[in-house]
$ cat model_29.cif   # mmCIF, C-alpha atoms and all ligand atoms
data_structure
#
loop_
_atom_site.label_atom_id
_atom_site.label_comp_id
_atom_site.auth_asym_id
_atom_site.auth_seq_id
_atom_site.Cartn_x
_atom_site.Cartn_y
_atom_site.Cartn_z
CA MET A 1 0.00 0.00 0.00
CA LEU A 2 1.16 3.49 -0.91
CA LYS A 3 0.24 5.79 1.94
CA VAL A 4 0.62 9.54 1.59
CA GLU A 5 0.15 11.51 4.79
CA SER A 6 -0.04 15.28 5.27
CA ILE A 7 2.33 16.21 2.47
CA ALA A 8 3.24 19.86 2.16
CA SER A 9 5.52 21.09 -0.59
CA GLY A 10 6.23 24.03 -2.85
CA TYR A 11 8.82 26.20 -4.54
CA GLY A 12 10.82 28.72 -2.52
CA SER A 13 8.27 30.47 -0.36
CA ALA A 14 5.36 29.54 -2.66
CA GLN A 15 3.43 26.63 -1.17
CA ALA A 16 1.84 24.32 -3.77
CA LEU A 17 0.60 21.41 -1.61
CA TRP A 18 -1.10 21.69 1.79
CA ASP A 19 -1.67 18.67 3.99
CA VAL A 20 -2.27 16.18 1.15
CA SER A 21 -3.19 12.66 2.25
CA LEU A 22 -4.21 9.73 0.09
CA GLU A 23 -3.85 5.98 -0.25
CA VAL A 24 -3.40 3.63 -3.16
CA GLY A 25 -3.93 -0.04 -2.45
CA GLU A 26 -2.08 -2.89 -4.14
CA GLY A 27 -3.68 -3.51 -7.56
CA GLU A 28 -5.77 -0.35 -7.61
CA ILE A 29 -6.12 2.26 -10.32
CA VAL A 30 -6.57 5.64 -8.68
CA THR A 31 -6.91 8.97 -10.41
CA ILE A 32 -6.13 12.45 -9.14
CA ILE A 33 -8.04 15.10 -11.02
CA GLY A 34 -7.86 18.84 -10.74
CA PRO A 35 -7.50 22.02 -12.75
CA ASN A 36 -4.34 23.55 -14.12
CA GLY A 37 -2.11 24.76 -11.31
CA ALA A 38 -3.79 22.63 -8.64
CA GLY A 39 -0.51 20.96 -7.69
CA LYS A 40 -0.91 17.65 -9.52
CA SER A 41 2.58 17.61 -11.01
CA THR A 42 4.13 18.75 -7.76
CA LEU A 43 2.41 15.84 -6.01
CA VAL A 44 3.57 13.30 -8.60
CA ASN A 45 7.10 14.63 -8.37
CA VAL A 46 7.07 14.43 -4.58
CA LEU A 47 5.83 10.82 -4.73
CA ALA A 48 8.59 9.97 -7.24
CA GLY A 49 11.29 11.63 -5.14
CA ILE A 50 11.95 14.19 -7.87
CA HIS A 51 10.77 17.15 -5.79
CA PRO A 52 11.24 17.38 -2.00
CA ALA A 53 8.38 17.31 0.49
CA TRP A 54 8.48 20.09 3.09
CA SER A 55 6.77 17.84 5.59
CA GLY A 56 4.62 14.74 5.74
CA SER A 57 5.20 11.15 4.76
CA VAL A 58 5.11 8.94 1.68
CA ASN A 59 5.24 5.33 2.72
CA LEU A 60 5.33 2.24 0.51
CA ASP A 61 4.71 -0.94 2.50
CA GLY A 62 6.55 0.42 5.51
CA VAL A 63 9.41 2.06 3.59
CA GLU A 64 9.56 5.82 4.03
CA LEU A 65 10.24 7.41 0.63
CA THR A 66 10.43 11.14 1.35
CA LYS A 67 14.08 10.94 2.39
CA LEU A 68 15.16 8.90 -0.64
CA ALA A 69 16.68 10.09 -3.91
CA SER A 70 14.59 9.52 -7.03
CA HIS A 71 16.65 6.50 -8.17
CA GLU A 72 16.12 4.95 -4.73
CA VAL A 73 12.37 5.55 -4.96
CA CYS A 74 12.54 3.81 -8.34
CA GLY A 75 14.38 0.91 -6.72
CA ALA A 76 11.65 0.75 -4.06
CA GLY A 77 9.10 0.06 -6.81
CA ILE A 78 7.71 3.39 -8.06
CA ALA A 79 8.17 4.54 -11.64
CA VAL A 80 6.92 7.75 -13.17
CA VAL A 81 5.78 8.83 -16.62
CA PRO A 82 6.36 12.56 -16.36
CA GLU A 83 4.24 15.37 -17.74
CA GLY A 84 5.19 16.04 -21.35
CA ARG A 85 6.70 12.49 -21.63
CA GLN A 86 10.31 13.73 -21.45
CA VAL A 87 11.85 10.98 -23.51
CA PHE A 88 15.49 11.58 -24.41
CA PRO A 89 14.95 13.01 -27.91
CA ASP A 90 18.48 12.54 -29.24
CA MET A 91 18.73 8.94 -28.15
CA THR A 92 17.23 5.96 -29.90
CA VAL A 93 14.04 4.30 -28.76
CA ALA A 94 16.04 1.24 -27.71
CA ASP A 95 18.45 3.35 -25.64
CA ASN A 96 15.57 5.15 -23.94
CA LEU A 97 14.22 1.76 -22.89
CA GLU A 98 17.66 0.64 -21.79
CA ILE A 99 17.90 3.61 -19.41
CA GLY A 100 14.53 2.74 -17.90
CA GLY A 101 15.86 -0.68 -16.95
CA TYR A 102 19.19 0.52 -15.64
CA HIS A 103 18.53 0.35 -11.92
CA PRO A 104 20.65 -2.39 -10.27
CA SER A 105 17.55 -3.94 -8.69
CA VAL A 106 16.09 -4.79 -12.13
CA ARG A 107 19.05 -4.92 -14.52
CA GLN A 108 19.28 -8.70 -14.31
CA TYR A 109 15.71 -8.99 -15.69
CA ARG A 110 16.41 -6.66 -18.60
CA ASP A 111 15.74 -9.07 -21.49
CA GLU A 112 12.60 -10.52 -19.98
CA THR A 113 11.24 -7.05 -19.16
CA TYR A 114 12.08 -5.78 -22.63
CA GLU A 115 10.11 -8.67 -24.19
CA ARG A 116 7.15 -7.80 -22.00
CA VAL A 117 7.31 -4.10 -22.92
CA ILE A 118 7.47 -4.73 -26.65
CA GLY A 119 4.65 -7.24 -26.21
CA ILE A 120 2.58 -4.29 -25.02
CA PHE A 121 4.03 -1.77 -27.51
CA PRO A 122 5.32 -3.68 -30.59
CA ILE A 123 6.05 -0.36 -32.27
CA LEU A 124 8.92 0.22 -29.84
CA ALA A 125 10.71 -2.79 -31.32
CA ASP A 126 9.94 -1.76 -34.91
CA ARG A 127 11.30 1.73 -34.17
CA GLY A 128 14.17 0.63 -31.92
CA GLY A 129 16.85 2.37 -33.97
CA GLN A 130 14.92 5.58 -34.50
CA LEU A 131 15.64 8.76 -32.51
CA ALA A 132 12.94 9.20 -29.89
CA GLY A 133 12.50 12.88 -30.74
CA SER A 134 11.44 12.01 -34.29
CA MET A 135 8.41 10.02 -33.18
CA SER A 136 4.85 11.35 -32.90
CA GLY A 137 3.44 12.49 -29.57
CA GLY A 138 1.47 9.28 -29.11
CA GLU A 139 4.51 7.14 -29.90
CA GLN A 140 6.61 9.15 -27.46
CA GLN A 141 3.98 8.59 -24.79
CA MET A 142 4.16 4.84 -25.45
CA LEU A 143 7.93 5.07 -25.15
CA ALA A 144 7.67 7.02 -21.89
CA ILE A 145 5.37 4.34 -20.48
CA GLY A 146 7.62 1.57 -21.84
CA ARG A 147 10.66 3.22 -20.30
CA ALA A 148 8.89 3.40 -16.92
CA LEU A 149 7.85 -0.27 -17.19
CA MET A 150 11.47 -1.27 -17.78
CA ALA A 151 11.99 -0.41 -14.09
CA ARG A 152 9.49 -3.18 -13.21
CA PRO A 153 7.46 -0.89 -10.95
CA ARG A 154 4.83 -2.09 -8.50
CA TYR A 155 3.32 1.39 -8.70
CA LEU A 156 3.21 3.35 -11.95
CA LEU A 157 2.56 7.10 -11.72
CA LEU A 158 1.47 8.99 -14.83
CA ASP A 159 1.25 12.77 -15.06
CA GLU A 160 -1.35 13.76 -17.66
CA PRO A 161 -0.61 10.97 -20.15
CA SER A 162 -3.41 12.17 -22.44
CA LEU A 163 -2.07 15.73 -22.78
CA GLY A 164 -1.98 16.86 -26.41
CA LEU A 165 -2.94 13.48 -27.87
CA ALA A 166 -5.79 12.67 -30.25
CA PRO A 167 -8.79 10.94 -28.61
CA VAL A 168 -8.17 7.62 -30.39
CA ILE A 169 -4.57 7.55 -29.11
CA VAL A 170 -5.75 8.42 -25.61
CA GLU A 171 -8.20 5.52 -25.73
CA ASN A 172 -5.36 3.27 -26.78
CA ILE A 173 -3.10 4.39 -23.97
CA PHE A 174 -5.80 4.05 -21.32
CA GLU A 175 -6.52 0.54 -22.61
CA VAL A 176 -2.85 -0.27 -22.12
CA LEU A 177 -2.96 1.10 -18.58
CA ARG A 178 -5.83 -1.28 -17.86
CA GLN A 179 -3.76 -4.16 -19.26
CA ILE A 180 -0.72 -3.18 -17.19
CA ASN A 181 -2.93 -3.05 -14.12
CA ASP A 182 -4.34 -6.50 -14.93
CA GLU A 183 -0.76 -7.74 -14.86
CA GLY A 184 -0.48 -6.57 -11.25
CA VAL A 185 0.86 -3.02 -11.40
CA SER A 186 -0.93 -0.41 -9.30
CA VAL A 187 -1.62 2.75 -11.28
CA VAL A 188 -1.90 6.38 -10.21
CA VAL A 189 -2.97 8.63 -13.05
CA VAL A 190 -3.14 12.40 -12.80
CA GLU A 191 -5.45 13.90 -15.40
CA GLN A 192 -7.37 16.92 -16.59
CA ASN A 193 -9.13 14.56 -18.98
CA VAL A 194 -11.60 13.79 -16.24
CA VAL A 195 -14.13 11.51 -17.93
CA GLU A 196 -11.57 9.09 -19.35
CA ALA A 197 -9.61 9.06 -16.10
CA LEU A 198 -12.70 8.30 -14.02
CA GLN A 199 -13.75 5.57 -16.44
CA LEU A 200 -10.35 3.95 -16.03
CA ALA A 201 -9.99 4.28 -12.26
CA SER A 202 -11.91 2.68 -9.44
CA ARG A 203 -11.35 5.63 -7.11
CA GLY A 204 -10.45 9.26 -7.42
CA TYR A 205 -9.29 12.30 -5.52
CA VAL A 206 -10.00 15.89 -6.46
CA LEU A 207 -7.05 18.25 -5.92
CA GLU A 208 -7.76 21.97 -5.90
CA GLN A 209 -5.30 24.70 -4.93
CA GLY A 210 -3.01 22.20 -3.28
CA ASN A 211 -5.69 20.51 -1.17
CA ILE A 212 -7.57 17.25 -1.57
CA VAL A 213 -11.16 18.50 -1.52
CA LYS A 214 -12.92 15.24 -2.33
CA GLU A 215 -12.34 11.49 -2.38
CA ALA A 216 -14.88 9.01 -3.73
CA SER A 217 -15.39 6.05 -6.02
CA ALA A 218 -14.93 6.91 -9.67
CA ASP A 219 -18.63 6.28 -10.30
CA GLN A 220 -19.61 8.66 -7.54
CA LEU A 221 -17.29 11.36 -8.87
CA LEU A 222 -18.71 10.96 -12.38
CA GLU A 223 -22.18 11.59 -10.92
CA ASP A 224 -21.10 14.36 -8.56
CA PRO A 225 -22.81 17.67 -9.50
CA ALA A 226 -19.85 19.80 -8.39
CA VAL A 227 -17.39 17.64 -10.35
CA ARG A 228 -19.65 17.71 -13.39
CA ALA A 229 -20.01 21.47 -13.21
CA ALA A 230 -16.29 22.13 -12.70
CA TYR A 231 -14.75 19.53 -14.99
CA LEU A 232 -17.34 18.35 -17.48
CA GLY A 233 -18.99 21.69 -18.14
CA VAL A 234 -22.47 20.29 -17.40
N1 LIG B 301 9.24 25.19 -10.88
C1 LIG B 301 8.31 25.94 -10.26
N2 LIG B 301 8.65 27.09 -9.64
C2 LIG B 301 7.72 27.86 -9.02
N3 LIG B 301 6.42 27.56 -8.95
C3 LIG B 301 6.01 26.43 -9.56
C4 LIG B 301 6.93 25.56 -10.24
N4 LIG B 301 6.23 24.50 -10.75
C5 LIG B 301 4.95 24.72 -10.38
N5 LIG B 301 4.82 25.85 -9.67
C6 LIG B 301 3.58 26.39 -9.08
O1 LIG B 301 3.03 25.42 -8.21
C7 LIG B 301 1.62 25.34 -8.34
C8 LIG B 301 1.23 23.92 -8.71
O2 LIG B 301 1.76 23.63 -10.02
P1 LIG B 301 1.67 22.18 -10.65
O3 LIG B 301 2.04 21.19 -9.62
O4 LIG B 301 2.46 22.21 -11.90
O5 LIG B 301 0.10 22.07 -10.97
P2 LIG B 301 -0.67 21.14 -12.03
O6 LIG B 301 0.23 20.04 -12.41
O7 LIG B 301 -1.90 20.71 -11.29
O8 LIG B 301 -1.02 22.02 -13.18
C9 LIG B 301 1.23 26.39 -9.37
O9 LIG B 301 0.85 27.55 -8.70
C10 LIG B 301 2.51 26.61 -10.15
O10 LIG B 301 2.56 27.91 -10.66
MG MG B 302 0.86 19.36 -14.22
#

$ encode --input "model_29.cif" --output "structure tokens"
Amino acid sequence: MLKVESIASGYGSAQALWDVSLEVGEGEIVTIIGPNGAGKSTLVNVLAGIHPAWSGSVNLDGVELTKLASHEVCGAGIAVVPEGRQVFPDMTVADNLEIGGYHPSVRQYRDETYERVIGIFPILADRGGQLAGSMSGGEQQMLAIGRALMARPRYLLLDEPSLGLAPVIVENIFEVLRQINDEGVSVVVVEQNVVEALQLASRGYVLEQGNIVKEASADQLLEDPAVRAAYLGV
């Protein structure tokens, strides 16, 4: 279980997260929705050890993560697909994947993991020699997810994976997330694409101005008048 308790964080003197608490159980798909500037990326980056927490705790099955460096958080079983994908554009697709599987805790499984990743995204094998930066946005998103999977995470965090992608590609990617979850990986997906995210997840949290203002089942959130008014424009 990933247990986040009373996280505060920010940039300089500007606080971006206030007392954020949430839980993600083993095997769950949980979504965190919220408007632009709500603190979603800051939260993901704190969970991944990329950005420091000011206070509070992130605990994965008894291991405290807030004091760990990002590669140690990765070794503990959390991988992240960052906002804007952030593949290494001047490296090949194959080398991007290689880097994802570089952590000593998973290096020995490299070949087996690679087979699994290209089983999910065959295009990453077809395009292995191509520079990542020359691929389309959707392909780069697949690569970013594939690179994260190379770390054999137990928890996969995704920061707005649908951003800037055509609806049919988004559908594709969310289908893959379901498949990855079926294979036993817990998924935390941060989204502004609220309907798709709530259709994928079993539970969701609403983050506004750095605070969790609501937690409910995905079905309940889809029916919630305030959520519908704020995020679905109905
Ligand atoms: N590098 C940064 N330096 C200063 N302020 C930042 C930085 N990144 C984000 N912020 C601020 O933190 C708040 C939360 O941002 P962010 O976590 O990116 O929100 P979201 O991902 O929900 O759009 C915003 O007010 C934003 O302006
Ligand atoms: Mg963001």

$ atom_distance --input "model_29.cif" --atom1 "atom CA of A:Asn193" --atom2 "atom CA of A:Glu171"
11.3 Å

$ closest_residue --input "model_29.cif" --among "A:Gly75, A:Gly56, A:Gly37, A:Gly101" --to "ligand MG 302 (chain B)" --atoms "all atoms listed in the file"
A:Gly37

$ residues_near_ligand --input "model_29.cif" --ligand "ligand MG 302 (chain B)" --cutoff "10 Å" --atoms "all atoms listed in the file" --output "PyMOL selection string"
chain A and resi 34-45+82-84+159-160+163+190-192

$ closest_residue --input "model_29.cif" --among "A:Leu149, A:Pro89, A:Ala229, A:Pro122" --to "A:Tyr102" --atoms "all atoms listed in the file"
A:Leu149

$ residues_around --input "model_29.cif" --residues "A:Asn96" --least-positions-apart "3" --cutoff "9 Å" --atoms "all atoms listed in the file" --output "JSON, numbers by chain"
{"A": [87, 88, 89, 91, 92, 93, 99, 100, 132, 143, 144, 146, 147]}

$ closest_residue --input "model_29.cif" --among "A:Pro52, A:Gly27, A:Gly77, A:Gly138" --to "ligand LIG 301 (chain B)" --atoms "only C-alpha atoms and all ligand atoms"
A:Pro52

$ atom_distance --input "model_29.cif" --atom1 "atom CA of A:Ala94" --atom2 "atom CA of A:Val80"
18.4 Å

$ axis_aligned_box --input "model_29.cif" --around "ligand LIG 301 (chain B)" --padding-each-side "3 Å" --output "AutoDock Vina command-line options"
--center_x 3.7 --center_y 24.0 --center_z -10.7 --size_x 17.1 --size_y 13.9 --size_z 11.0

$ residues_around --input "model_29.cif" --residues "A:Val206" --least-positions-apart "6" --cutoff "7 Å" --atoms "all atoms listed in the file" --output "number ranges by chain"
A: 32-34, 212-215

$ decode --input "model_29.cif" --residues "stretch 107-130 of chain A" --atoms "N, CA and C atoms" --output "CSV table (one decimal), in the first residue's frame"
chain,number,residue,atom,x,y,z
A,107,ARG,N,18.2,-4.7,-13.3
A,107,ARG,CA,19.0,-4.9,-14.5
A,107,ARG,C,19.1,-6.4,-15.0
A,108,GLN,N,19.1,-7.3,-14.0
A,108,GLN,CA,19.3,-8.7,-14.3
A,108,GLN,C,18.1,-9.2,-15.1
A,109,TYR,N,16.9,-8.5,-15.0
A,109,TYR,CA,15.7,-9.0,-15.7
A,109,TYR,C,15.5,-8.3,-17.0
A,110,ARG,N,16.5,-7.5,-17.5
A,110,ARG,CA,16.4,-6.7,-18.6
A,110,ARG,C,15.7,-7.3,-19.8
A,111,ASP,N,16.2,-8.5,-20.3
A,111,ASP,CA,15.7,-9.1,-21.5
A,111,ASP,C,14.3,-9.5,-21.4
A,112,GLU,N,14.0,-10.1,-20.2
A,112,GLU,CA,12.6,-10.5,-20.0
A,112,GLU,C,11.7,-9.3,-19.9
A,113,THR,N,12.1,-8.2,-19.3
A,113,THR,CA,11.2,-7.0,-19.2
A,113,THR,C,11.1,-6.4,-20.5
A,114,TYR,N,12.1,-6.4,-21.3
A,114,TYR,CA,12.1,-5.8,-22.6
A,114,TYR,C,11.0,-6.5,-23.5
A,115,GLU,N,11.1,-7.9,-23.4
A,115,GLU,CA,10.1,-8.7,-24.2
A,115,GLU,C,8.7,-8.3,-23.8
A,116,ARG,N,8.5,-8.1,-22.5
A,116,ARG,CA,7.2,-7.8,-22.0
A,116,ARG,C,6.7,-6.4,-22.5
A,117,VAL,N,7.6,-5.5,-22.5
A,117,VAL,CA,7.3,-4.1,-22.9
A,117,VAL,C,7.0,-4.1,-24.4
A,118,ILE,N,7.8,-4.8,-25.2
A,118,ILE,CA,7.5,-4.7,-26.6
A,118,ILE,C,6.3,-5.6,-27.0
A,119,GLY,N,5.9,-6.5,-26.1
A,119,GLY,CA,4.7,-7.2,-26.2
A,119,GLY,C,3.5,-6.3,-26.1
A,120,ILE,N,3.6,-5.3,-25.2
A,120,ILE,CA,2.6,-4.3,-25.0
A,120,ILE,C,2.6,-3.2,-26.1
A,121,PHE,N,3.8,-2.8,-26.5
A,121,PHE,CA,4.0,-1.8,-27.5
A,121,PHE,C,5.0,-2.3,-28.6
A,122,PRO,N,4.4,-3.1,-29.5
A,122,PRO,CA,5.3,-3.7,-30.6
A,122,PRO,C,6.0,-2.6,-31.4
A,123,ILE,N,5.5,-1.4,-31.5
A,123,ILE,CA,6.1,-0.4,-32.3
A,123,ILE,C,7.4,0.0,-31.7
A,124,LEU,N,7.6,-0.2,-30.4
A,124,LEU,CA,8.9,0.2,-29.8
A,124,LEU,C,10.0,-0.7,-30.3
A,125,ALA,N,9.7,-1.9,-30.7
A,125,ALA,CA,10.7,-2.8,-31.3
A,125,ALA,C,10.9,-2.4,-32.8
A,126,ASP,N,9.8,-2.1,-33.5
A,126,ASP,CA,9.9,-1.8,-34.9
A,126,ASP,C,10.8,-0.5,-35.1
A,127,ARG,N,10.6,0.4,-34.1
A,127,ARG,CA,11.3,1.7,-34.2
A,127,ARG,C,12.6,1.8,-33.3
A,128,GLY,N,13.1,0.6,-32.9
A,128,GLY,CA,14.2,0.6,-31.9
A,128,GLY,C,15.3,1.5,-32.3
A,129,GLY,N,15.7,1.6,-33.6
A,129,GLY,CA,16.9,2.4,-34.0
A,129,GLY,C,16.6,3.8,-34.3
A,130,GLN,N,15.3,4.2,-34.2
A,130,GLN,CA,14.9,5.6,-34.5
A,130,GLN,C,15.2,6.5,-33.3
